Protein chains: 4
Amino acid sequence: MIMNPDNWLKLKRVVRFGDTDAAGVIHFYQLLRWCHESWEESLELYGLSLDHIFPNLNRVENHVSVFLPIVHCEAHFWESIQTGDHLLVEVVPKRLDVGSFQVQTKFKREKKDVALGKIKHRSINGQSRRPCSLPDDIDRWLEASSLNFGITSV
Amino acid sequence: MIMNPDNWLKLKRVVRFGDTDAAGVIHFYQLLRWCHESWEESLELYGLSLDHIFPNLNRVENHVSVFLPIVHCEAHFWESIQTGDHLLVEVVPKRLDVGSFQVQTKFKREKKDVALGKIKHRSINGQSRRPCSLPDDIDRWLEASSLNFGITSV
Amino acid sequence: MIMNPDNWLKLKRVVRFGDTDAAGVIHFYQLLRWCHESWEESLELYGLSLDHIFPNLNRVENHVSVFLPIVHCEAHFWESIQTGDHLLVEVVPKRLDVGSFQVQTKFKREKKDVALGKIKHRSINGQSRRPCSLPDDIDRWLEASSLNFGITSV
Amino acid sequence: MIMNPDNWLKLKRVVRFGDTDAAGVIHFYQLLRWCHESWEESLELYGLSLDHIFPNLNRVENHVSVFLPIVHCEAHFWESIQTGDHLLVEVVPKRLDVGSFQVQTKFKREKKDVALGKIKHRSINGQSRRPCSLPDDIDRWLEASSLNFGITSV
């Protein structure tokens, strides 16, 4: 069975009052928070267990041996975004090399692009802190997300 | 037609990685952010337009004449909350007097209480900054939320 | 040598644009962030090493054996707080029992009370997750902070 | 009298516990918050009134006629940043054209570069929402900051 990547790459978000600042629009860095949260939501919808991806020193059974620190992030803003806006969120993952990947996140309001974020992660071994290959879970998500992407992506 | 208040008072939330701190659990004040966002979501699900409730100096058509500043908030924590936790959120509104109300928000994980937040708002006139009656929209939401509440609430 | 507790209990904070929301005043839960940050600053000014108080799974030399989770927090707001406001911050610690303490934080603007936050921590053993006595560092800070407090506090 | 730009372009920041996530290091977007707050601090140290730069619908005397929305931001991370780290912050402003500027912010720990943020603002008229020249205050700060910068900057 092949699932349609839209199932885990097309999301929604409603802008909340606490995301705004005294200029009445979202405070810029909140967009990057949304990007990270959309990535987490996408991993879950694809069927992965977040326990195996995000470290947590409180779970004795937690065996995250690979960390995925962010080495770069950026965001572009084209339209102002306000409380109550309903946004369509499109997650566009891309493997960069054997040990790194980026997730681009596009935000639209009524078919119009309003903003875009990009986050690059690289893979390091939790013990040695040296570069290593991406975890299998992330690899599978990247692979599945790229299938037919030329067709399903807008 | 009478809607079941559960439709707008029972919500869900998934805990995200950015909500945690280096102790591996949510950083405490994020819970109060969730409370406010749950309140906003509840107002929307009930059918209200957030444009008429939250001020926005960017919308010329914005006619918010009554502000709802928070005068008190508090939170209790019973269980640690971690990345990926799926929480049930129960919003419990209560009118305090003609010009103020509180929203209690209960968070449960697998039927167990994990945390509780409470936020009190009072109503002030946007021009005079003096106390005034609650806006009609909020009044209706409070009224509808209290119907049969003894039965539907846990 | 006896230091004046004012050295580590009287702080300052300038309100930043990102702390506000579209109503033009601080978004409420930011105040609780300031409370926690003021507590951290106070511990540092008193002379403690934060490495011994806050857990960090990245430092192999990190020996935090006692965690200090927050079990309750609350905040009151009397005056609106806006971008650029210069606030005086007064930290008022209090031991509650052998394994818990609270930190009250008062915010003033030009001698007028504008807001107050309160955070309660209890002490748990990092391994067993059971209640335990407060760490020595916290004990010393609580003790020193209470000296002559009736006189130095406003 | 000519002031040394170091007075308002070289700042300090201590990393707080709430800035971290469950991986034990700062959660990435907090760095962009620090960049914006450093910019605000720099404007103040230079001698400007934030009331004339940041909009606030609550102050009747508030005459901010020009808004400075962010159109792009980015951050690079070279070293992990943890609770209690004392960082040196260097603000590097640059006029891009008559209606836009960027602020680069470099973060160092013990002379080692740990991270860098960059924020681009453009100037729009608060009424018409159309591009306009930068406000005089910002112009003066950009001009003064660039003086002798080849010498004072590291």
# chains A, B, ... in the order shown; residues from 1 in each chain; ligands from 1

call {"tool": "interface_residues", "arguments": {"of": "chain D", "to": "chain B", "cutoff": "6 Å", "atoms": "only C-alpha atoms", "output": "list in words"}}
result
Gly18, Thr20, Asp21, Ala22 and Gly24 of chain D

call {"tool": "select_by_dssp", "arguments": {"residues": "chain B", "states": "strand (DSSP E or B)", "output": "PyMOL selection string"}}
result
chain B and resi 10-14+20+26+66-67+70-77+86-97+100-109+112-122+124-125+131

call {"tool": "residues_around", "arguments": {"residues": "Cys132 (chain B)", "least_positions_apart": "3", "cutoff": "7 Å", "atoms": "only C-alpha atoms", "output": "list of chain:residue names"}}
result
B:Gly99, B:Ser123, B:Ile124, B:Asn125

call {"tool": "write_last_selection", "arguments": {"atoms": "N, CA, C and O atoms", "output": "JSON list (two decimals), in the first residue's frame"}}
result
[["chain", "number", "residue", "atom", "x", "y", "z"],
["B", 99, "GLY", "N", -18.88, 41.91, 34.80],
["B", 99, "GLY", "CA", -17.77, 42.39, 33.97],
["B", 99, "GLY", "C", -16.54, 41.51, 34.01],
["B", 99, "GLY", "O", -15.46, 41.94, 33.60],
["B", 123, "SER", "N", -13.49, 42.98, 31.88],
["B", 123, "SER", "CA", -13.91, 43.70, 30.70],
["B", 123, "SER", "C", -13.66, 45.18, 30.90],
["B", 123, "SER", "O", -14.07, 45.75, 31.91],
["B", 124, "ILE", "N", -12.95, 45.82, 29.96],
["B", 124, "ILE", "CA", -12.80, 47.28, 30.06],
["B", 124, "ILE", "C", -13.14, 47.92, 28.71],
["B", 124, "ILE", "O", -12.93, 47.34, 27.65],
["B", 125, "ASN", "N", -13.66, 49.12, 28.80],
["B", 125, "ASN", "CA", -13.96, 49.89, 27.59],
["B", 125, "ASN", "C", -12.66, 50.34, 26.94],
["B", 125, "ASN", "O", -11.78, 50.88, 27.60]]

call {"tool": "atom_distance", "arguments": {"atom1": "CA of Asp139 (chain B)", "atom2": "CA of Val92 (chain B)"}}
result
14.2 Å

call {"tool": "residues_around", "arguments": {"residues": "Trp78 (chain B)", "least_positions_apart": "5", "cutoff": "12 Å", "atoms": "only C-alpha atoms", "output": "PDB file with N, CA, C and O atoms, in the first residue's frame"}}
result
ATOM      1  N   PHE B  28       7.230  25.336  32.473  1.00  0.00           N
ATOM      2  CA  PHE B  28       5.953  25.554  33.154  1.00  0.00           C
ATOM      3  C   PHE B  28       4.998  26.550  32.489  1.00  0.00           C
ATOM      4  O   PHE B  28       3.809  26.305  32.391  1.00  0.00           O
ATOM      5  N   LYS B 106      -8.423  22.068  32.164  1.00  0.00           N
ATOM      6  CA  LYS B 106      -7.901  20.837  32.762  1.00  0.00           C
ATOM      7  C   LYS B 106      -7.207  20.002  31.693  1.00  0.00           C
ATOM      8  O   LYS B 106      -7.752  19.813  30.611  1.00  0.00           O
ATOM      9  N   PHE B 107      -6.046  19.500  32.013  1.00  0.00           N
ATOM     10  CA  PHE B 107      -5.282  18.678  31.078  1.00  0.00           C
ATOM     11  C   PHE B 107      -5.174  17.256  31.611  1.00  0.00           C
ATOM     12  O   PHE B 107      -4.754  17.051  32.755  1.00  0.00           O
ATOM     13  N   LYS B 108      -5.569  16.292  30.784  1.00  0.00           N
ATOM     14  CA  LYS B 108      -5.534  14.890  31.191  1.00  0.00           C
ATOM     15  C   LYS B 108      -4.731  14.063  30.190  1.00  0.00           C
ATOM     16  O   LYS B 108      -4.706  14.372  29.001  1.00  0.00           O
ATOM     17  N   ARG B 109      -4.097  13.013  30.694  1.00  0.00           N
ATOM     18  CA  ARG B 109      -3.397  12.063  29.827  1.00  0.00           C
ATOM     19  C   ARG B 109      -3.888  10.687  30.231  1.00  0.00           C
ATOM     20  O   ARG B 109      -3.714  10.283  31.378  1.00  0.00           O
ATOM     21  N   LYS B 112      -5.932  10.514  33.405  1.00  0.00           N
ATOM     22  CA  LYS B 112      -5.289  10.975  34.637  1.00  0.00           C
ATOM     23  C   LYS B 112      -5.077  12.489  34.546  1.00  0.00           C
ATOM     24  O   LYS B 112      -4.569  12.985  33.533  1.00  0.00           O
ATOM     25  N   ASP B 113      -5.444  13.220  35.601  1.00  0.00           N
ATOM     26  CA  ASP B 113      -5.189  14.654  35.627  1.00  0.00           C
ATOM     27  C   ASP B 113      -3.687  14.919  35.672  1.00  0.00           C
ATOM     28  O   ASP B 113      -2.990  14.373  36.523  1.00  0.00           O
ATOM     29  N   VAL B 114      -3.198  15.756  34.759  1.00  0.00           N
ATOM     30  CA  VAL B 114      -1.769  16.073  34.797  1.00  0.00           C
ATOM     31  C   VAL B 114      -1.500  17.518  35.177  1.00  0.00           C
ATOM     32  O   VAL B 114      -0.492  17.829  35.796  1.00  0.00           O
ATOM     33  N   ALA B 115      -2.404  18.417  34.813  1.00  0.00           N
ATOM     34  CA  ALA B 115      -2.186  19.826  35.144  1.00  0.00           C
ATOM     35  C   ALA B 115      -3.492  20.590  34.980  1.00  0.00           C
ATOM     36  O   ALA B 115      -4.454  20.089  34.370  1.00  0.00           O
ATOM     37  N   LEU B 116      -3.531  21.782  35.545  1.00  0.00           N
ATOM     38  CA  LEU B 116      -4.723  22.622  35.492  1.00  0.00           C
ATOM     39  C   LEU B 116      -4.283  24.079  35.429  1.00  0.00           C
ATOM     40  O   LEU B 116      -3.354  24.488  36.134  1.00  0.00           O
ATOM     41  N   GLY B 117      -4.931  24.858  34.568  1.00  0.00           N
ATOM     42  CA  GLY B 117      -4.650  26.287  34.497  1.00  0.00           C
ATOM     43  C   GLY B 117      -5.920  27.082  34.709  1.00  0.00           C
ATOM     44  O   GLY B 117      -7.025  26.563  34.495  1.00  0.00           O
TER      45      GLY B 117
ATOM     46  N   PRO C  69      11.198  20.651  40.230  1.00  0.00           N
ATOM     47  CA  PRO C  69      10.028  20.949  39.392  1.00  0.00           C
ATOM     48  C   PRO C  69       9.082  21.959  40.036  1.00  0.00           C
ATOM     49  O   PRO C  69       8.991  22.057  41.262  1.00  0.00           O
ATOM     50  N   ILE C  70       8.413  22.691  39.180  1.00  0.00           N
ATOM     51  CA  ILE C  70       7.419  23.672  39.618  1.00  0.00           C
ATOM     52  C   ILE C  70       6.084  22.956  39.811  1.00  0.00           C
ATOM     53  O   ILE C  70       5.629  22.236  38.922  1.00  0.00           O
ATOM     54  N   VAL C  71       5.485  23.152  40.978  1.00  0.00           N
ATOM     55  CA  VAL C  71       4.198  22.509  41.240  1.00  0.00           C
ATOM     56  C   VAL C  71       3.033  23.493  41.175  1.00  0.00           C
ATOM     57  O   VAL C  71       1.870  23.099  41.055  1.00  0.00           O
ATOM     58  N   HIS C  72       3.356  24.776  41.259  1.00  0.00           N
ATOM     59  CA  HIS C  72       2.306  25.806  41.199  1.00  0.00           C
ATOM     60  C   HIS C  72       2.920  27.121  40.759  1.00  0.00           C
ATOM     61  O   HIS C  72       4.060  27.438  41.102  1.00  0.00           O
ATOM     62  N   ARG C 122       9.208  22.094  44.313  1.00  0.00           N
ATOM     63  CA  ARG C 122       9.532  21.107  45.325  1.00  0.00           C
ATOM     64  C   ARG C 122      10.711  20.288  44.836  1.00  0.00           C
ATOM     65  O   ARG C 122      11.036  20.259  43.644  1.00  0.00           O
TER      66      ARG C 122
END

call {"tool": "atom_distance", "arguments": {"atom1": "CA of Lys12 (chain A)", "atom2": "CA of Trp141 (chain B)"}}
result
24.8 Å

call {"tool": "select_by_dssp", "arguments": {"residues": "region 8-127 of chain B", "states": "helix (DSSP H, G or I)", "output": "PyMOL selection string"}}
result
chain B and resi 8-9+17-19+30-46+50-52

call {"tool": "residues_around", "arguments": {"residues": "Leu50 (chain D)", "least_positions_apart": "2", "cutoff": "12 Å", "atoms": "only C-alpha atoms", "output": "VMD selection string"}}
result
(chain C and resid 14 to 17 82 to 86) or (chain D and resid 37 39 to 48 52 to 56 62 to 64 137 to 138)

call {"tool": "write_last_selection", "arguments": {"atoms": "N, CA and C atoms", "output": "short mmCIF file (atom, residue, chain, number, x, y, z; two decimals), in the first residue's frame"}}
result
data_model
loop_
_atom_site.label_atom_id
_atom_site.label_comp_id
_atom_site.auth_asym_id
_atom_site.auth_seq_id
_atom_site.Cartn_x
_atom_site.Cartn_y
_atom_site.Cartn_z
N VAL C 14 13.86 45.46 31.32
CA VAL C 14 13.23 46.33 30.32
C VAL C 14 12.31 45.47 29.46
N VAL C 15 11.09 45.94 29.28
CA VAL C 15 10.10 45.18 28.53
C VAL C 15 10.42 45.26 27.03
N ARG C 16 10.43 44.12 26.36
CA ARG C 16 10.77 44.08 24.94
C ARG C 16 9.53 43.89 24.07
N PHE C 17 9.66 44.33 22.81
CA PHE C 17 8.56 44.32 21.85
C PHE C 17 7.94 42.94 21.69
N GLN C 82 4.10 47.80 29.04
CA GLN C 82 4.29 48.04 27.61
C GLN C 82 5.76 48.06 27.19
N THR C 83 5.98 47.92 25.90
CA THR C 83 7.34 47.92 25.34
C THR C 83 8.15 49.11 25.85
N GLY C 84 9.34 48.84 26.30
CA GLY C 84 10.24 49.90 26.74
C GLY C 84 10.11 50.26 28.21
N ASP C 85 9.09 49.74 28.88
CA ASP C 85 8.95 50.01 30.32
C ASP C 85 10.17 49.52 31.08
N HIS C 86 10.68 50.35 31.98
CA HIS C 86 11.77 49.94 32.85
C HIS C 86 11.16 49.53 34.18
N GLU D 37 15.84 41.49 20.64
CA GLU D 37 15.99 42.17 21.92
C GLU D 37 17.30 42.95 21.99
N TRP D 39 18.78 44.30 19.41
CA TRP D 39 18.55 45.49 18.58
C TRP D 39 17.83 46.57 19.40
N GLU D 40 16.79 46.17 20.12
CA GLU D 40 16.06 47.12 20.97
C GLU D 40 16.97 47.75 22.02
N GLU D 41 17.80 46.90 22.62
CA GLU D 41 18.72 47.39 23.66
C GLU D 41 19.72 48.37 23.06
N SER D 42 20.18 48.07 21.84
CA SER D 42 21.13 48.93 21.17
C SER D 42 20.53 50.31 20.88
N LEU D 43 19.30 50.33 20.41
CA LEU D 43 18.62 51.60 20.13
C LEU D 43 18.51 52.44 21.40
N GLU D 44 18.17 51.77 22.50
CA GLU D 44 18.05 52.48 23.78
C GLU D 44 19.39 53.03 24.25
N LEU D 45 20.43 52.21 24.16
CA LEU D 45 21.76 52.64 24.63
C LEU D 45 22.28 53.80 23.78
N TYR D 46 21.89 53.81 22.51
CA TYR D 46 22.28 54.92 21.64
C TYR D 46 21.56 56.20 22.03
N GLY D 47 20.43 56.07 22.70
CA GLY D 47 19.74 57.24 23.21
C GLY D 47 18.37 57.49 22.60
N LEU D 48 17.86 56.53 21.84
CA LEU D 48 16.56 56.72 21.21
C LEU D 48 15.42 56.32 22.14
N HIS D 52 8.98 56.01 20.03
CA HIS D 52 8.88 56.59 18.68
C HIS D 52 9.18 55.57 17.59
N ILE D 53 9.55 54.36 18.00
CA ILE D 53 9.95 53.36 17.01
C ILE D 53 8.98 52.19 16.96
N PHE D 54 8.50 51.77 18.15
CA PHE D 54 7.60 50.61 18.19
C PHE D 54 6.16 51.04 18.41
N PRO D 55 5.25 50.59 17.55
CA PRO D 55 3.85 51.02 17.65
C PRO D 55 3.20 50.52 18.93
N ASN D 56 2.26 51.27 19.41
CA ASN D 56 1.54 50.90 20.63
C ASN D 56 0.19 51.58 20.63
N ASN D 62 1.12 58.25 21.14
CA ASN D 62 1.99 57.46 20.29
C ASN D 62 1.83 57.84 18.83
N HIS D 63 2.91 58.33 18.25
CA HIS D 63 2.85 58.85 16.88
C HIS D 63 3.73 58.06 15.94
N VAL D 64 3.77 56.77 16.10
CA VAL D 64 4.58 55.97 15.19
C VAL D 64 3.88 55.93 13.83
N ASP D 137 15.25 58.47 13.27
CA ASP D 137 15.93 57.85 14.41
C ASP D 137 16.76 56.65 13.98
N ILE D 138 16.16 55.81 13.16
CA ILE D 138 16.86 54.61 12.68
C ILE D 138 18.03 55.02 11.79
#

call {"tool": "atom_distance", "arguments": {"atom1": "CA of Leu31 (chain D)", "atom2": "CA of Ile81 (chain D)"}}
result
9.8 Å
